[in-house]
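Q: Got a file for you: data.pdb, PDB, C-alpha atoms.
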ATOM      1  CA  MET B 103      -4.567 -16.170 -11.509
ATOM      2  CA  SER B 104      -3.240 -13.126 -13.269
ATOM      3  CA  VAL B 105      -3.377  -9.540 -12.107
ATOM      4  CA  THR B 106      -4.483  -6.957 -14.621
ATOM      5  CA  CYS B 107      -5.450  -4.007 -12.493
ATOM      6  CA  ILE B 108      -3.324  -1.753 -10.322
ATOM      7  CA  ARG B 109      -5.298   1.318  -9.372
ATOM      8  CA  GLN B 110      -5.787   3.960  -6.730
ATOM      9  CA  ALA B 111      -7.744   2.589  -3.788
ATOM     10  CA  ASN B 112     -11.011   4.166  -2.712
ATOM     11  CA  ALA B 113     -13.412   3.910   0.225
ATOM     12  CA  ALA B 114     -15.254   0.994  -1.426
ATOM     13  CA  ASP B 115     -12.024  -1.049  -1.097
ATOM     14  CA  ASP B 116     -11.810  -0.575   2.682
ATOM     15  CA  GLY B 117     -13.214  -3.986   3.666
ATOM     16  CA  ALA B 118     -11.099  -5.873   1.117
ATOM     17  CA  ILE B 119      -7.942  -4.019   2.203
ATOM     18  CA  ARG B 120      -8.580  -4.761   5.880
ATOM     19  CA  GLY B 121      -9.194  -8.420   5.004
ATOM     20  CA  LEU B 122      -5.878  -8.611   3.150
ATOM     21  CA  LEU B 123      -4.039  -6.985   6.067
ATOM     22  CA  ARG B 124      -5.541  -9.495   8.514
ATOM     23  CA  SER B 125      -4.615 -12.466   6.324
ATOM     24  CA  THR B 126      -1.001 -11.588   5.458
ATOM     25  CA  GLU B 127       1.058 -12.088   8.595
ATOM     26  CA  MET B 128       4.795 -11.553   8.720
ATOM     27  CA  HIS B 129       6.308 -14.907   9.666
ATOM     28  CA  GLY B 130       9.286 -15.471  11.915
ATOM     29  CA  ASP B 131       9.943 -16.333  15.535
ATOM     30  CA  ILE B 132       7.076 -13.994  16.271
ATOM     31  CA  ARG B 133       4.188 -13.666  13.816
ATOM     32  CA  LEU B 134       2.998 -10.115  13.209
ATOM     33  CA  ALA B 135      -0.065  -8.763  11.488
ATOM     34  CA  PHE B 136      -0.836  -5.087  11.036
ATOM     35  CA  PRO B 137      -4.608  -4.794  10.761
ATOM     36  CA  GLN B 138      -6.081  -1.314  10.588
ATOM     37  CA  GLU B 139      -9.486  -1.595  12.181
ATOM     38  CA  PRO B 140     -12.153  -0.344  11.989
ATOM     39  CA  SER B 141     -11.110   1.723   8.938
ATOM     40  CA  TYR B 142      -7.986   1.552   6.790
ATOM     41  CA  PHE B 143      -8.540   5.029   5.381
ATOM     42  CA  ASP B 144      -9.124   6.673   8.756
ATOM     43  CA  ALA B 145      -5.676   5.423   9.851
ATOM     44  CA  LEU B 146      -3.790   6.838   6.840
ATOM     45  CA  PRO B 147      -3.216  10.402   8.109
ATOM     46  CA  VAL B 148      -0.783   9.020  10.702
ATOM     47  CA  GLN B 149       1.596   8.150   7.847
ATOM     48  CA  GLY B 150       1.849  11.648   6.422
ATOM     49  CA  ARG B 151       0.106  14.783   5.204
ATOM     50  CA  THR B 152      -0.488  13.393   1.746
ATOM     51  CA  THR B 153      -1.135   9.694   1.168
ATOM     52  CA  ASP B 154      -1.841   7.472  -1.809
ATOM     53  CA  THR B 155      -2.818   3.831  -1.648
ATOM     54  CA  LEU B 156      -2.740   1.510  -4.625
ATOM     55  CA  VAL B 157      -4.428  -1.872  -4.823
ATOM     56  CA  ALA B 158      -3.741  -4.767  -7.146
ATOM     57  CA  CYS B 159      -6.770  -6.778  -8.217
ATOM     58  CA  ARG B 160      -7.278 -10.198  -9.761
ATOM     59  CA  ALA B 161      -7.984 -10.323 -13.467
ATOM     60  CA  ASP B 162     -11.653 -11.058 -12.786
ATOM     61  CA  CYS B 163     -11.810  -8.085 -10.343
ATOM     62  CA  SER B 164     -13.108 -10.452  -7.653
ATOM     63  CA  ALA B 165     -10.542  -9.596  -4.996
ATOM     64  CA  VAL B 166      -7.878  -7.174  -3.840
ATOM     65  CA  ILE B 167      -4.673  -9.227  -3.736
ATOM     66  CA  GLY B 168      -2.111  -6.505  -3.033
ATOM     67  CA  ILE B 169      -1.685  -3.091  -1.492
ATOM     68  CA  ALA B 170       1.019  -0.442  -1.125
ATOM     69  CA  SER B 171       0.965   3.081   0.250
ATOM     70  CA  ARG B 172       2.942   6.247  -0.295
ATOM     71  CA  ALA B 173       2.958   9.198   2.062
ATOM     72  CA  GLU B 174       4.725  12.541   2.052
ATOM     73  CA  ARG B 175       6.166  13.714   5.333
ATOM     74  CA  PRO B 176       7.930  16.916   6.297
ATOM     75  CA  ALA B 177      11.595  16.296   7.018
ATOM     76  CA  TYR B 178      14.962  17.982   7.090
ATOM     77  CA  ILE B 179      17.235  16.994   4.225
ATOM     78  CA  ASN B 180      20.818  18.149   4.721
ATOM     79  CA  GLY B 181      19.529  20.739   7.182
ATOM     80  CA  VAL B 182      16.883  22.117   4.814
ATOM     81  CA  ALA B 183      13.158  21.675   5.465
ATOM     82  CA  GLY B 184      11.427  19.692   2.746
ATOM     83  CA  HIS B 185       9.216  16.703   2.077
ATOM     84  CA  VAL B 186      10.178  13.076   1.669
ATOM     85  CA  GLY B 187       8.228  10.220   0.167
ATOM     86  CA  TYR B 188       7.684   7.246   2.428
ATOM     87  CA  LEU B 189       6.627   3.844   1.084
ATOM     88  CA  SER B 190       4.843   1.468   3.443
ATOM     89  CA  GLY B 191       2.106  -1.050   3.903
ATOM     90  CA  LEU B 192       3.240  -3.438   1.199
ATOM     91  CA  ARG B 193       1.168  -6.602   1.344
ATOM     92  CA  LEU B 194       0.730  -9.201  -1.362
ATOM     93  CA  HIS B 195      -1.330 -12.343  -1.122
ATOM     94  CA  PRO B 196       1.036 -15.355  -1.086
ATOM     95  CA  ASP B 197      -0.590 -16.858  -4.207
ATOM     96  CA  HIS B 198       0.575 -13.845  -6.236
ATOM     97  CA  ARG B 199       4.157 -13.471  -5.042
ATOM     98  CA  GLY B 200       7.054 -13.967  -7.422
ATOM     99  CA  GLY B 201       5.486 -12.225 -10.415
ATOM    100  CA  THR B 202       5.505  -8.653 -11.665
ATOM    101  CA  VAL B 203       2.879  -7.186  -9.318
ATOM    102  CA  LEU B 204       5.414  -5.717  -6.892
ATOM    103  CA  ALA B 205       7.447  -3.995  -9.603
ATOM    104  CA  ARG B 206       4.320  -2.689 -11.343
ATOM    105  CA  GLY B 207       2.866  -1.340  -8.104
ATOM    106  CA  TYR B 208       6.008   0.486  -7.061
ATOM    107  CA  ARG B 209       6.424   1.865 -10.582
ATOM    108  CA  ALA B 210       2.909   3.335 -10.278
ATOM    109  CA  LEU B 211       3.733   4.821  -6.857
ATOM    110  CA  ARG B 212       6.943   6.305  -8.265
ATOM    111  CA  HIS B 213       4.928   7.883 -11.070
ATOM    112  CA  LEU B 214       2.590   9.510  -8.519
ATOM    113  CA  HIS B 215       5.585  10.763  -6.547
ATOM    114  CA  ASP B 216       7.347  12.177  -9.608
ATOM    115  CA  ARG B 217       4.181  13.996 -10.689
ATOM    116  CA  GLY B 218       3.859  15.491  -7.219
ATOM    117  CA  ASP B 219       0.349  14.088  -6.770
TER
END
Please go through the file and, once you have read it, give me the structure as structure tokens.

A:
Amino acid sequence: MSVTCIRQANAADDGAIRGLLRSTEMHGDIRLAFPQEPSYFDALPVQGRTTDTLVACRADCSAVIGIASRAERPAYINGVAGHVGYLSGLRLHPDHRGGTVLARGYRALRHLHDRGD
């Protein structure tokens, strides 16, 4: 299954995003999942003042198979107040790992950051 679409997420993606978050546990001695119920988008403001979420979709647009978020937070950088970009929430369905989706998604987030959007 190829991925052809990486785009900005919207409210219509909320259910698919929450489903992906529930189904992509972090494995180890302790298994962790980070669901954001009952609304992914209502939880975003905790990450920063400005947030962007991108989703990766299957070629047939039948499912969201990946997600990544970018937030801007106020911070001190070398003693000077400013804003820093913070990347988080990376999840990718196991069937789509090992390809170019990760690099393409972070390239798109970098583009948003560089534009100041």

Q: Could you pull the residues within 9 Å of Ile167 (chain B), counting only C-alpha atoms, minus those fewer than 2 positions along the same chain, as a PyMOL selection string?

A: chain B and resi 105+118-119+122+157-160+165+169+193-198

Q: Could those residues be written to a file, using C-alpha atoms, as a PDB file, in the frame of the given file?

A:
ATOM      1  CA  VAL B 105      -3.377  -9.540 -12.107  1.00  0.00           C
ATOM      2  CA  ALA B 118     -11.099  -5.873   1.117  1.00  0.00           C
ATOM      3  CA  ILE B 119      -7.942  -4.019   2.203  1.00  0.00           C
ATOM      4  CA  LEU B 122      -5.878  -8.611   3.150  1.00  0.00           C
ATOM      5  CA  VAL B 157      -4.428  -1.872  -4.823  1.00  0.00           C
ATOM      6  CA  ALA B 158      -3.741  -4.767  -7.146  1.00  0.00           C
ATOM      7  CA  CYS B 159      -6.770  -6.778  -8.217  1.00  0.00           C
ATOM      8  CA  ARG B 160      -7.278 -10.198  -9.761  1.00  0.00           C
ATOM      9  CA  ALA B 165     -10.542  -9.596  -4.996  1.00  0.00           C
ATOM     10  CA  ILE B 169      -1.685  -3.091  -1.492  1.00  0.00           C
ATOM     11  CA  ARG B 193       1.168  -6.602   1.344  1.00  0.00           C
ATOM     12  CA  LEU B 194       0.730  -9.201  -1.362  1.00  0.00           C
ATOM     13  CA  HIS B 195      -1.330 -12.343  -1.122  1.00  0.00           C
ATOM     14  CA  PRO B 196       1.036 -15.355  -1.086  1.00  0.00           C
ATOM     15  CA  ASP B 197      -0.590 -16.858  -4.207  1.00  0.00           C
ATOM     16  CA  HIS B 198       0.575 -13.845  -6.236  1.00  0.00           C
TER      17      HIS B 198
END

Q: Skipping near chain neighbours, those fewer than 4 positions away, what residues fall within 12 Å of region 171-187 of chain B using all atoms listed in the file, listed as a PyMOL selection string?

A: chain B and resi 109-111+119+142-143+145-158+191-193+207-216+218-219

Q: Rank B:Ala113, B:Ala205, B:Cys163, B:Leu189 by their smallest atom-to-atom distance to Asp144 (chain B), using all atoms listed in the file, and report the top residue only.

A: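 Nearest to Asp144 (chain B): B:Ala113.
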
Q: Which of these residues is nearest to Gly168 (chain B), using all atoms listed in the file: B:Ala135, B:Val203, B:Asn112, B:Arg124?

A: B:Val203

Q: Could you state the separation of CA of Val166 (chain B) and CA of Leu123 (chain B) in Å, given to one decimal place?

A: 10.6 Å

Q: Between CA of Gln138 (chain B) and CA of Gly117 (chain B), measure the distance and give it in Å to one decimal.

A: 10.3 Å

Q: Measure the distance from CA of Ile132 (chain B) to CA of Tyr188 (chain B) in Å and round it to one decimal.

A: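 These two atoms are separated by 25.4 Å.
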
Q: From the list B:Cys107, B:Thr126, B:Leu134, B:Pro140, which residue is nearest Arg199 (chain B) when using all atoms listed in the file?

A: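 Looking only at the distances to Arg199 (chain B), the closest residue turns out to be B:Thr126.
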
Q: Of the candidates B:Glu127, B:Ser164, B:Phe136, B:Gly200, which one gets nearest to Asp115 (chain B) if we count only C-alpha atoms?

A: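 Smallest distance to Asp115 (chain B) is found for B:Ser164.
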